[in-house]
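K.L.:
Let me give you the structure first, and then I'll get to my questions.
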Number of protein chains: 4
Amino acid sequence: MAIAPDELLSLDDFERHALEVLPAMPRDYYRSGAWAETTLRENRAAWDRLRLWYRVMRDVSQRTSRAEVMGREAAMPVCVAPTALQCMAHPDGELATARASARARVPMILSSLSSTSIEDVRAAATSVDPAARTWMQIYIGRDRGAVRALAQRAQAAGCDALVLTVDTPVWGIRERDIRNHFRVPDGMRIVHLERPGGPTGHAGRGIHEALAWTIDAGLTWDDVAWLRASTSLPVILKGICRADDARRGVEAGAAGILVSNHGGRQLDGAPATIEALPHCVEAVAGRVPVLVDGGVRRGIDVIRARALGAQAVCIGRPVLWGLACAGEPGVDRVLAILRQELDVAMALAGYASVGEITADLLGP
Amino acid sequence: MAIAPDELLSLDDFERHALEVLPAMPRDYYRSGAWAETTLRENRAAWDRLRLWYRVMRDVSQRTSRAEVMGREAAMPVCVAPTALQCMAHPDGELATARASARARVPMILSSLSSTSIEDVRAAATSVDPAARTWMQIYIGRDRGAVRALAQRAQAAGCDALVLTVDTPVWGIRERDIRNHFRVPDGMRIVHLERPGGPTGHAGRGIHEALAWTIDAGLTWDDVAWLRASTSLPVILKGICRADDARRGVEAGAAGILVSNHGGRQLDGAPATIEALPHCVEAVAGRVPVLVDGGVRRGIDVIRARALGAQAVCIGRPVLWGLACAGEPGVDRVLAILRQELDVAMALAGYASVGEITADLLGP
Amino acid sequence: MAIAPDELLSLDDFERHALEVLPAMPRDYYRSGAWAETTLRENRAAWDRLRLWYRVMRDVSQRTSRAEVMGREAAMPVCVAPTALQCMAHPDGELATARASARARVPMILSSLSSTSIEDVRAAATSVDPAARTWMQIYIGRDRGAVRALAQRAQAAGCDALVLTVDTPVWGIRERDIRNHFRVPDGMRIVHLERPGGPTGHAGRGIHEALAWTIDAGLTWDDVAWLRASTSLPVILKGICRADDARRGVEAGAAGILVSNHGGRQLDGAPATIEALPHCVEAVAGRVPVLVDGGVRRGIDVIRARALGAQAVCIGRPVLWGLACAGEPGVDRVLAILRQELDVAMALAGYASVGEITADLLGP
Amino acid sequence: MAIAPDELLSLDDFERHALEVLPAMPRDYYRSGAWAETTLRENRAAWDRLRLWYRVMRDVSQRTSRAEVMGREAAMPVCVAPTALQCMAHPDGELATARASARARVPMILSSLSSTSIEDVRAAATSVDPAARTWMQIYIGRDRGAVRALAQRAQAAGCDALVLTVDTPVWGIRERDIRNHFRVPDGMRIVHLERPGGPTGHAGRGIHEALAWTIDAGLTWDDVAWLRASTSLPVILKGICRADDARRGVEAGAAGILVSNHGGRQLDGAPATIEALPHCVEAVAGRVPVLVDGGVRRGIDVIRARALGAQAVCIGRPVLWGLACAGEPGVDRVLAILRQELDVAMALAGYASVGEITADLLGP
């Protein structure tokens with residue numbers, strides 16, 4: 001079953017192989033969407049409907065996929081999206097992802113449900129590249145003190161942004177996990193969310209039950225200001241699909257808007273993110289960067305997202321598939337494939353730099 | 001084959017399991033639509049096409065799914081739709097449904113083709129909750145005296161509404177039943193529709209032949225007035241898809257309009273009810289509540305219906321699947337799943353109460 | 001394999017069974033469309049896309065499916081379309097069809113490629129009903145004398161219309177027939193098209209080669225006038241899809257326009273007839289009746305066609321399936337099913353008579 | 001496995017059979033599209049969506065499929081598209097194609113990646129028809145001298161046009177070839193692109209690596225003028241999908257625009273060529289001919305392309321399938337089928353000549 005990463009040619013290859021090699025419990029945890037998984041499927045299908053009206057005879061001999069992402073240059077307009085418990089995919093888990101992301105010079109967003117601490121992740125990232133960027137994903141739970149502590153801990157560890165998930169007043173229902181009686185594996189810990197009074201991530205409880213205290217259905221836009229005041233880090237809002245919410249988020253001080261439906265894991269029936277993106281871009285009107293995740297699987301998707309006004313895309317599950325197939329070299333390969341595809345796609349579409357991509361790419 | 005209701009996670013799970021465990025004759029009677037079953041399929045598919053543009057950062061910590069349904073509060077904007085001969089699904093039949101509905105605090109509509117009497121159903125319902133609500137579904141047959149008697153009997157038994165089916169001038173043709181030589185099982189009776197001169201529901205005749213006298217192809221809007229005069233109960237008209245008919249129904253004194261195509265069992269090719277709903281809502285213009293049934297399988301469907309202007313939805317077949325899988329606890333579970341899904345979906349879509357749901361949920 | 005016609009509940013049932021019982025050569029001859037059979041499939045699919053916005057609470061107790069079809073009343077707005085060589089489906093062939101059509105009181109269009117003579121067909125039809133109607137389908141071939149003779153022979157035999165096929169300047173290419181080396185079976189004859197100098201329909205030649213002389217790629221609108229002058233019968237033009245051709249046909253003296261694409265057997269890629277119908281209806285503007293064939297399989301299709309302005313529909317292949325399954329009783333059953341479905345559909349849609357059906361049935 | 005070409009009735013038949021008989025490496029090289037092959041599939045599907053609103057009662061007895069193609073008459077508005085390494089499909093390779101094209105009196109475009117020299121191809125073509133037309137496909141690589149030499153060699157060999165591929169600044173990624181470790185077979189040579197300093201097409205290297213020097217990502221519109229100055233041949237630009245690029249190409253002196261996406265082998269996600277065609281036609285505004293390739297499989301496609309303003313279509317893979325199935329007689333048969341289908345389709349659609357085809361064919 002061991003496979004050389006080079007034998008996998010696309011992120012779809014990684015997915016197919018990972019679904020074969022992973023045990024059922026983590027496999028289904030990673031792959032699943034909420035309820036009937038309509039949005040999960042639509043997230044991908046919506047990309048495929050966008051045609052690329054490529055341009056010819058532009059000089060693309062000196063091209064670069066480098067792009068500014070949230071104020072600093074990345075090797076490509078791609079971030080690693082936060083996904084929980086990466087050690088379920090491979091023992092190296094978030095450390096492997098951190099090193100691979102640093103090597104690929106793309107920001108990594110660490111999930112607050114990670115199985116590795118932000119300090120260890122930062123150490124891994126900076127061991128590869130002292131300038132490596134890590135953003136800390138945050139839920140605002142009922143225990144605001146714990147949230148502030150985590151945010152400050154992230155800043156202390158060298159994170160350069162917080163990513164506040166706003167689409168999770170309650171946990172989405174993923175039936176595969178219920179069927180599998182999903183629990184955090186023995187010996188694995190959700191290291192950032194252990195309560196003072198006892199363990200949270202132990203094997204004896206379902207993850208959503210164990211983590212109920214870490215989210216808060218009572219959040220409002222005022223909580224964005226509160227989180228902003230907790231540290232000096234910029235706060236990106238993740239999980240928005242509506243123009244009015246994007247506008248409201250900017251008014252609340254967001255440094256960026258990440259158009260996301262949580263990988264189809266929260267409200268099934270939500271629109272595909274690429275359908276939502278242009279509405280949010282128009283509402284934000286350039287005041288802050290707009291990012292998008294959900295269903296990105298090909299370099300051409302990066303171009304599509306840029307054409308619709310996103311500054312960058314985030315990829316989540318493909319990184320998990322990379323870990324599951326081959327650990328750190330797997331993540332290296334996933335990011336390398338995406339970058340190579342982006343480079344080739346830019347050449348074929350007539351773009352020497354990401355900044356040249358405009359909406360007319362998507363049709364007359 | 002016995003299954004614990006908790007192992008079934010969705011109404012779709014109940015359907016799959018029920019189709020396995022039911023004998024062919026009742027299974028096909030319940031599942032079938034008219035002719036090629038186009039409308040049956042479309043009833044469901046049309047819900048799935050509606051995207052939910054959810055809202056974030058609303059305080060949904062104190063939320064409730066309670067809603068006014070036809071003038072009184074229910075635990076959620078859901079009713080149990082009338083379905084015939086529930087004792088075919090489980091020996092407890094309508095009694096189980098009555099108790100489960102009362103427990104869930106949603107109105108139950110008893111089919112006039114029930115295998116249990118309205119008096120027994122009411123007794124079962126009020127044994128759980130003295131305030132339980134039961135509505136009596138009525139066909140106006142050629143024997144108007146029998147219709148009036150049944151209406152008055154329903155009122156005497158404590159029903160608080162009549163639901164007049166208006167889409168059945170003749171019976172729809174369901175080919176599965178013809179293939180199965182469907183008949184009322186031995187020992188089961190259609191208790192409300194036994195003729196003075198002899199039995200109707202006996203095993204020796206096809207149900208539509210036996211019940212031909214209980215409907216009337218000559219009905220007109222004047223018959224609504226006639227039925228209204230028979231009791232003091234409000235009359236809901238069930239089976240309307242057109243704006244002009246909805247308007248006419250209100251003018252004829254309807255207390256509510258139930259947009260329905262009889263679960264795809266009457267005119268195949270009819271529009272999905274969720275397609276018809278907004279036209280009826282616009283025509284009714286708030287004068288009376290508009291309800292809808294047909295293909296409701298998820299909590300998100302309740303939100304979709306509300307966003308399009310329905311006051312409540314009705315669910316029919318899922319209750320039968322609940323009975324078939326596990327009897328009364330099965331119906332309990334079906335209603336509990338729907339309520340939990342609605343609650344989670346409201347939280348995820350940003351609604352603390354049902355009344356907040358508006359049309360902009362369905363897209364920009 | 002023998003099946004009682006009553007066991008087949010729909011025209012689709014007849015098709016499924018016929019495809020099982022027929023030998024490959026006639027089966028494929030009957031079922032096939034031209035080239036990739038796109039239009040063959042689309043002919044059916046297009047009907048299914050039309051929704052029926054039925055009406056309720058209309059008095060439909062005294063309803064009738066009777067309708068004027070080309071100037072005289074038929075039992076329903078349905079004709080039997082011309083199909084070739086019906087004796088391949090059953091030894092009784094066109095005689096069975098003639099008797100069943102007469103019994104059902106619908107016009108039968110006899111193909112000029114029939115395996116039975118018009119005189120024998122007329123005798124069979126009038127033996128059932130002296131007022132039975134038969135229309136003769138005609139190709140105008142290069143030998144105009146033979147065409148005139150056939151037209152006059154049809155009139156002499158008691159036909160009350162000619163149906164001129166205008167979509168066949170050359171034969172469409174049906175790959176199934178080529179694969180099967182389709183030939184007229186031994187002992188069967190294309191009785192109306194035998195040349196003075198020798199047999200045409202003998203077993204030794206492919207049908208299109210044998211019949212090349214019976215069509216003429218040089219036809220123009222002037223030939224309509226020529227055919228009209230050949231007899232005193234009205235001439236219906238069969239095979240039109242365009243508004244301008246429908247208008248031109250009326251100007252050329254057509255007594256009716258039959259919107260048809262030859263059952264998908266001529267130009268693959270042609271629009272579904274039900275897509276073409278409203279354009280032709282608008283162009284004809286009521287000056288002559290417009291009929292339609294292609295994919296009619298259900299009583300609701302008859303209503304759909306009427307709602308789009310057709311006076312009647314024609315059914316072709318279902319009659320062949322009726323013959324193949326059960327001979328004359330099979331055709332009786334096919335026509336009875338269609339009539340019963342139409343009757344039920346009219347009741348369910350709120351129409352007491354065919355004349356009440358209007359375009360608003362198809363949606364708001 | 002040997003099959004008589006006459007047993008194959010359509011280009012689809014040829015494809016099915018060729019996919020069975022070809023070894024995996026050439027089969028996949030020929031069939032593959034870039035990345036997920038979305039555009040490859042869409043190229044075909046988009047043709048199928050176009051309906052043909054045929055005309056009747058036009059005199060089509062004296063019809064011809066002859067058409068002017070790039071200034072001279074061809075037997076039909078069809079060219080053979082350039083495809084690489086035809087000797088992989090059959091030992092006779094490009095020689096067979098040249099003879100068959102000449103026999104069918106359609107221009108052949110020779111790929112510069114051919115396995116046979118232009119001189120040999122011209123000799124084969126003119127042995128059949130001294131007036132046979134051959135166009136030379138050209139990539140402008142980094143070694144401009146080699147490009148000019150090839151262009152001049154083509155002119156010297158008797159080519160009457162150059163076809164400059166403009167959609168290949170880099171090679172598209174075809175995953176099937178990577179999986180197959182595709183290499184030029186032993187003993188086969190890419191005869192026009194051997195470097196002075198050593199072989200290119202040898203078996204030891206992947207084709208794209210070996211041929212990297214033959215393309216140039218730095219091309220601009222100025223290179224069109226450069227190529228034009230290299231010979232006196234007209235230059236057709238192949239690989240354009242956008243209106244602005246088509247306009248720019250004309251301004252740069254193109255003698256023709258070939259709307260193409262390289263058979264879906266370059267930028268996956270690109271629009272189907274038949275979607276792109278009308279935009280390019282409008283932009284070119286009749287100044288030069290517009291051709292189209294991609295997914296042409298039926299005679300009706302030729303009509304569709306003409307209705308959208310193309311002067312001619314090109315077919316690529318079907319010729320390879322013809323070679324693979326039966327060598328030169330296979331290509332003869334492929335071209336004969338297309339011509340016969342076109343002839344029949346013209347008759348059925350009411351066109352006596354290609355010039356009569358107008359846009360109204362595609363719908364009201």
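Ordering of the structure tokens sets the chain letters (A, B, ...), residue numbers begin anew at 1 in every chain, and ligands are numbered from 1 in the order given.
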If we count only C-alpha atoms, what is near Thr116 in chain D at a cut-off of 10 Å, once residues fewer than 3 positions away on the same chain are taken out, given as a compact mmCIF listing (two decimals) with C-alpha atoms, in the first residue's frame?

P.N.:
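Result written to out-v8.txt:
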```
# COMPACT_ATOMS: atom_id res chain seq x y z
CA ALA D 84 1.26 13.91 -33.81
CA LEU D 85 3.03 10.66 -34.52
CA GLN D 86 0.44 8.98 -36.71
CA CYS D 87 2.73 6.01 -37.24
CA ASP D 92 1.51 3.86 -42.83
CA GLY D 93 0.79 6.81 -40.57
CA GLU D 94 0.81 10.22 -42.20
CA LEU D 95 1.27 8.72 -45.66
CA LEU D 110 0.49 17.98 -41.12
CA SER D 111 1.65 18.19 -37.53
CA SER D 112 5.22 19.35 -37.08
CA LEU D 113 5.35 16.47 -34.61
CA GLU D 119 8.26 15.87 -48.41
CA ASP D 120 7.09 12.28 -48.15
CA VAL D 121 3.62 13.40 -47.15
CA MET D 188 9.99 6.23 -34.62
CA ARG D 189 11.22 9.78 -35.14
CA ILE D 190 9.78 13.24 -34.90
CA VAL D 191 11.38 13.97 -38.17
CA HIS D 192 10.99 17.73 -38.41
```

K.L.:
Can you check the Cα RMSD once chain C has been least-squares fitted onto chain D over every paired atom, in order?

P.N.:
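Between these identical-sequence chains, the C-alpha RMSD is 0.0 Å.
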
K.L.:
List every residue of chain D that has an atom at most 10 Å from any atom of chain A, and for each one report the closest atom pair and its distance in Å to one decimal, counting only C-alpha atoms, with rows sorted by chain and then by increasing residue number, as a tab-separated table.

P.N.:
```
residue	atom	partner	partner_atom	distance
D:Trp35	CA	A:Ser10	CA	8.1
D:Ala36	CA	A:Arg298	CA	9.0
D:Thr38	CA	A:Asp48	CA	7.8
D:Thr39	CA	A:Arg51	CA	8.8
D:Thr165	CA	A:Val56	CA	9.8
D:Val166	CA	A:Val56	CA	6.1
D:Asp167	CA	A:Val56	CA	5.9
D:Thr168	CA	A:Leu348	CA	6.8
D:Pro169	CA	A:Leu348	CA	6.4
D:Val170	CA	A:Ala347	CA	6.7
D:Trp171	CA	A:Val344	CA	8.0
D:Gly172	CA	A:Val344	CA	7.3
D:Ile173	CA	A:Val344	CA	8.2
D:Arg174	CA	A:Leu9	CA	9.9
D:Glu175	CA	A:Leu9	CA	6.8
D:Arg176	CA	A:Leu9	CA	9.6
D:Ile178	CA	A:Leu9	CA	8.2
D:Arg179	CA	A:Glu7	CA	7.8
D:Asp216	CA	A:Ser61	CA	7.4
D:Ala217	CA	A:Ser61	CA	4.6
D:Gly218	CA	A:Asp59	CA	4.2
D:Leu219	CA	A:Met57	CA	5.4
D:Thr220	CA	A:Met57	CA	4.3
D:Trp221	CA	A:Met57	CA	5.6
D:Asp222	CA	A:Met57	CA	8.8
D:Asp223	CA	A:Met57	CA	8.6
D:Val224	CA	A:Met57	CA	9.2
D:Gly239	CA	A:Val56	CA	8.0
D:Ile240	CA	A:Val56	CA	7.0
D:Cys241	CA	A:Trp53	CA	6.5
D:Arg242	CA	A:Trp53	CA	6.3
D:Ala243	CA	A:Pro364	CA	8.2
D:Asp244	CA	A:Arg55	CA	8.7
D:Asp245	CA	A:Arg55	CA	6.8
D:Ala246	CA	A:Val56	CA	9.7
D:Arg248	CA	A:Met57	CA	9.8
D:Gly249	CA	A:Met57	CA	9.4
D:Asn261	CA	A:Tyr54	CA	9.4
D:Gln266	CA	A:Leu348	CA	7.0
D:Leu267	CA	A:Leu348	CA	5.9
D:Asp268	CA	A:Ile300	CA	7.9
D:Gly269	CA	A:Arg51	CA	5.3
D:Ala270	CA	A:Leu52	CA	4.6
D:Pro271	CA	A:Arg51	CA	5.3
D:Ala272	CA	A:Arg51	CA	8.7
D:Ala276	CA	A:Trp53	CA	8.4
D:His279	CA	A:Pro364	CA	8.0
```

K.L.:
Extract the full set of alpha helix (DSSP H) residues from range 150-333 of chain C according to DSSP on the backbone, and format it as a compact mmCIF listing (two decimals) with C-alpha atoms, in the first residue's frame.

P.N.:
```
# COMPACT_ATOMS: atom_id res chain seq x y z
CA LEU C 150 -52.17 5.97 -54.85
CA ALA C 151 -53.85 9.17 -53.70
CA GLN C 152 -56.86 8.48 -55.86
CA ARG C 153 -56.92 4.88 -54.74
CA ALA C 154 -56.96 6.09 -51.12
CA GLN C 155 -59.87 8.37 -51.85
CA ALA C 156 -61.71 5.59 -53.62
CA GLU C 175 -27.55 2.47 -37.83
CA ARG C 176 -29.36 -0.36 -36.11
CA ASP C 177 -31.00 -1.32 -39.40
CA ILE C 178 -27.69 -1.28 -41.20
CA ARG C 179 -26.14 -3.49 -38.54
CA ILE C 207 -35.67 -1.25 -47.65
CA HIS C 208 -34.22 2.16 -48.37
CA GLU C 209 -32.51 1.00 -51.49
CA ALA C 210 -35.66 -0.70 -52.67
CA ASP C 222 -45.50 23.62 -55.40
CA ASP C 223 -45.85 19.88 -55.02
CA VAL C 224 -48.38 20.44 -52.27
CA ALA C 225 -50.64 22.13 -54.78
CA TRP C 226 -50.04 19.31 -57.22
CA LEU C 227 -51.04 16.70 -54.67
CA ARG C 228 -54.08 18.71 -53.63
CA ALA C 229 -55.21 18.72 -57.22
CA SER C 230 -54.90 14.95 -57.45
CA ALA C 243 -42.68 28.44 -37.81
CA ASP C 244 -41.81 29.66 -41.30
CA ASP C 245 -42.40 26.23 -42.80
CA ALA C 246 -45.71 25.91 -40.96
CA ARG C 247 -46.79 29.26 -42.34
CA ARG C 248 -45.61 28.35 -45.80
CA GLY C 249 -47.48 25.06 -45.57
CA VAL C 250 -50.73 26.84 -44.77
CA GLU C 251 -50.16 29.20 -47.65
CA THR C 273 -41.61 18.10 -31.38
CA ILE C 274 -43.10 19.55 -28.23
CA GLU C 275 -40.42 22.24 -28.34
CA ALA C 276 -41.31 22.99 -31.93
CA LEU C 277 -45.07 22.90 -31.43
CA PRO C 278 -45.72 26.34 -29.91
CA HIS C 279 -43.72 28.05 -32.64
CA CYS C 280 -45.77 26.34 -35.31
CA VAL C 281 -49.03 27.04 -33.50
CA GLU C 282 -48.21 30.71 -33.33
CA ALA C 283 -47.30 30.82 -37.01
CA VAL C 284 -50.42 28.97 -38.12
CA GLY C 299 -52.59 10.80 -21.14
CA ILE C 300 -51.01 13.85 -19.56
CA ASP C 301 -49.05 14.34 -22.78
CA VAL C 302 -52.32 14.82 -24.63
CA ILE C 303 -53.21 17.58 -22.21
CA ARG C 304 -49.78 19.12 -22.56
CA ALA C 305 -50.11 19.16 -26.34
CA ARG C 306 -53.54 20.77 -26.13
CA ALA C 307 -52.23 23.38 -23.71
CA ARG C 317 -44.58 3.18 -31.76
CA PRO C 318 -46.98 2.39 -28.87
CA VAL C 319 -49.37 0.89 -31.40
CA LEU C 320 -46.57 -1.32 -32.69
CA TRP C 321 -45.80 -2.38 -29.14
CA GLY C 322 -49.47 -3.18 -28.67
CA LEU C 323 -49.42 -5.36 -31.77
CA ALA C 324 -46.20 -7.04 -30.72
CA CYS C 325 -47.46 -7.84 -27.23
CA ALA C 326 -50.93 -9.02 -28.02
CA GLY C 327 -52.11 -8.25 -31.55
CA GLU C 328 -55.46 -6.51 -31.89
CA PRO C 329 -56.35 -6.73 -28.19
CA GLY C 330 -52.97 -5.18 -27.54
CA VAL C 331 -53.81 -2.16 -29.68
CA ASP C 332 -57.23 -1.99 -28.04
CA ARG C 333 -55.50 -1.90 -24.70
```

K.L.:
Kindly give the distance, in Å, that separates CA of Val21 in chain B and CA of Ala2 in chain B, rounded to a single decimal.

P.N.:
9.0 Å

K.L.:
Run DSSP on the backbone and give me the residues of range 157-259 of chain C it puts in strand (DSSP E), as a ChimeraX atom specification.

P.N.:
/C:161-165,235-240,256-259

K.L.:
Would you save the residues of that selection, restricted to N, CA, C and O atoms, as a PDB file, in the first residue's frame?

P.N.:
```pdb
ATOM      1  N   ALA C 161     -58.542  11.845 -45.674  1.00  0.00           N
ATOM      2  CA  ALA C 161     -57.461  12.836 -45.736  1.00  0.00           C
ATOM      3  C   ALA C 161     -56.209  12.165 -46.277  1.00  0.00           C
ATOM      4  O   ALA C 161     -56.042  10.947 -46.183  1.00  0.00           O
ATOM      5  N   LEU C 162     -55.348  12.993 -46.842  1.00  0.00           N
ATOM      6  CA  LEU C 162     -54.006  12.549 -47.200  1.00  0.00           C
ATOM      7  C   LEU C 162     -53.025  13.216 -46.236  1.00  0.00           C
ATOM      8  O   LEU C 162     -53.220  14.365 -45.839  1.00  0.00           O
ATOM      9  N   VAL C 163     -52.021  12.469 -45.867  1.00  0.00           N
ATOM     10  CA  VAL C 163     -50.984  13.000 -44.976  1.00  0.00           C
ATOM     11  C   VAL C 163     -49.669  12.949 -45.738  1.00  0.00           C
ATOM     12  O   VAL C 163     -49.086  11.884 -45.922  1.00  0.00           O
ATOM     13  N   LEU C 164     -49.246  14.105 -46.187  1.00  0.00           N
ATOM     14  CA  LEU C 164     -48.037  14.164 -47.002  1.00  0.00           C
ATOM     15  C   LEU C 164     -46.817  14.346 -46.105  1.00  0.00           C
ATOM     16  O   LEU C 164     -46.702  15.346 -45.392  1.00  0.00           O
ATOM     17  N   THR C 165     -45.913  13.389 -46.154  1.00  0.00           N
ATOM     18  CA  THR C 165     -44.685  13.485 -45.368  1.00  0.00           C
ATOM     19  C   THR C 165     -43.708  14.402 -46.078  1.00  0.00           C
ATOM     20  O   THR C 165     -43.346  14.152 -47.237  1.00  0.00           O
ATOM     21  N   VAL C 235     -55.245  17.790 -47.456  1.00  0.00           N
ATOM     22  CA  VAL C 235     -53.852  17.335 -47.333  1.00  0.00           C
ATOM     23  C   VAL C 235     -53.242  17.918 -46.057  1.00  0.00           C
ATOM     24  O   VAL C 235     -53.197  19.136 -45.880  1.00  0.00           O
ATOM     25  N   ILE C 236     -52.810  17.011 -45.208  1.00  0.00           N
ATOM     26  CA  ILE C 236     -52.110  17.397 -43.981  1.00  0.00           C
ATOM     27  C   ILE C 236     -50.614  17.248 -44.245  1.00  0.00           C
ATOM     28  O   ILE C 236     -50.190  16.257 -44.830  1.00  0.00           O
ATOM     29  N   LEU C 237     -49.831  18.235 -43.820  1.00  0.00           N
ATOM     30  CA  LEU C 237     -48.379  18.159 -44.021  1.00  0.00           C
ATOM     31  C   LEU C 237     -47.721  17.648 -42.746  1.00  0.00           C
ATOM     32  O   LEU C 237     -47.852  18.247 -41.682  1.00  0.00           O
ATOM     33  N   LYS C 238     -46.991  16.578 -42.875  1.00  0.00           N
ATOM     34  CA  LYS C 238     -46.376  15.909 -41.717  1.00  0.00           C
ATOM     35  C   LYS C 238     -44.870  16.047 -41.755  1.00  0.00           C
ATOM     36  O   LYS C 238     -44.232  15.683 -42.748  1.00  0.00           O
ATOM     37  N   GLY C 239     -44.283  16.583 -40.667  1.00  0.00           N
ATOM     38  CA  GLY C 239     -42.834  16.615 -40.577  1.00  0.00           C
ATOM     39  C   GLY C 239     -42.258  18.011 -40.465  1.00  0.00           C
ATOM     40  O   GLY C 239     -41.073  18.220 -40.711  1.00  0.00           O
ATOM     41  N   ILE C 240     -43.074  18.940 -40.045  1.00  0.00           N
ATOM     42  CA  ILE C 240     -42.637  20.337 -39.965  1.00  0.00           C
ATOM     43  C   ILE C 240     -42.203  20.665 -38.538  1.00  0.00           C
ATOM     44  O   ILE C 240     -42.808  20.201 -37.574  1.00  0.00           O
ATOM     45  N   GLY C 256     -53.943  20.912 -42.661  1.00  0.00           N
ATOM     46  CA  GLY C 256     -53.479  20.721 -41.289  1.00  0.00           C
ATOM     47  C   GLY C 256     -51.971  20.599 -41.295  1.00  0.00           C
ATOM     48  O   GLY C 256     -51.362  20.255 -42.305  1.00  0.00           O
ATOM     49  N   ILE C 257     -51.379  20.908 -40.158  1.00  0.00           N
ATOM     50  CA  ILE C 257     -49.925  20.810 -40.005  1.00  0.00           C
ATOM     51  C   ILE C 257     -49.659  19.805 -38.895  1.00  0.00           C
ATOM     52  O   ILE C 257     -50.140  19.968 -37.770  1.00  0.00           O
ATOM     53  N   LEU C 258     -48.916  18.769 -39.241  1.00  0.00           N
ATOM     54  CA  LEU C 258     -48.536  17.780 -38.231  1.00  0.00           C
ATOM     55  C   LEU C 258     -47.064  18.008 -37.863  1.00  0.00           C
ATOM     56  O   LEU C 258     -46.161  17.698 -38.647  1.00  0.00           O
ATOM     57  N   VAL C 259     -46.861  18.594 -36.690  1.00  0.00           N
ATOM     58  CA  VAL C 259     -45.506  18.848 -36.201  1.00  0.00           C
ATOM     59  C   VAL C 259     -44.880  17.508 -35.826  1.00  0.00           C
ATOM     60  O   VAL C 259     -45.380  16.807 -34.954  1.00  0.00           O
TER      61      VAL C 259
END
```

K.L.:
Which is closest to Met76 in chain B among B:Ala212, B:Val290, B:Ala24, B:Val106, if we use only C-alpha atoms?

P.N.:
B:Val106
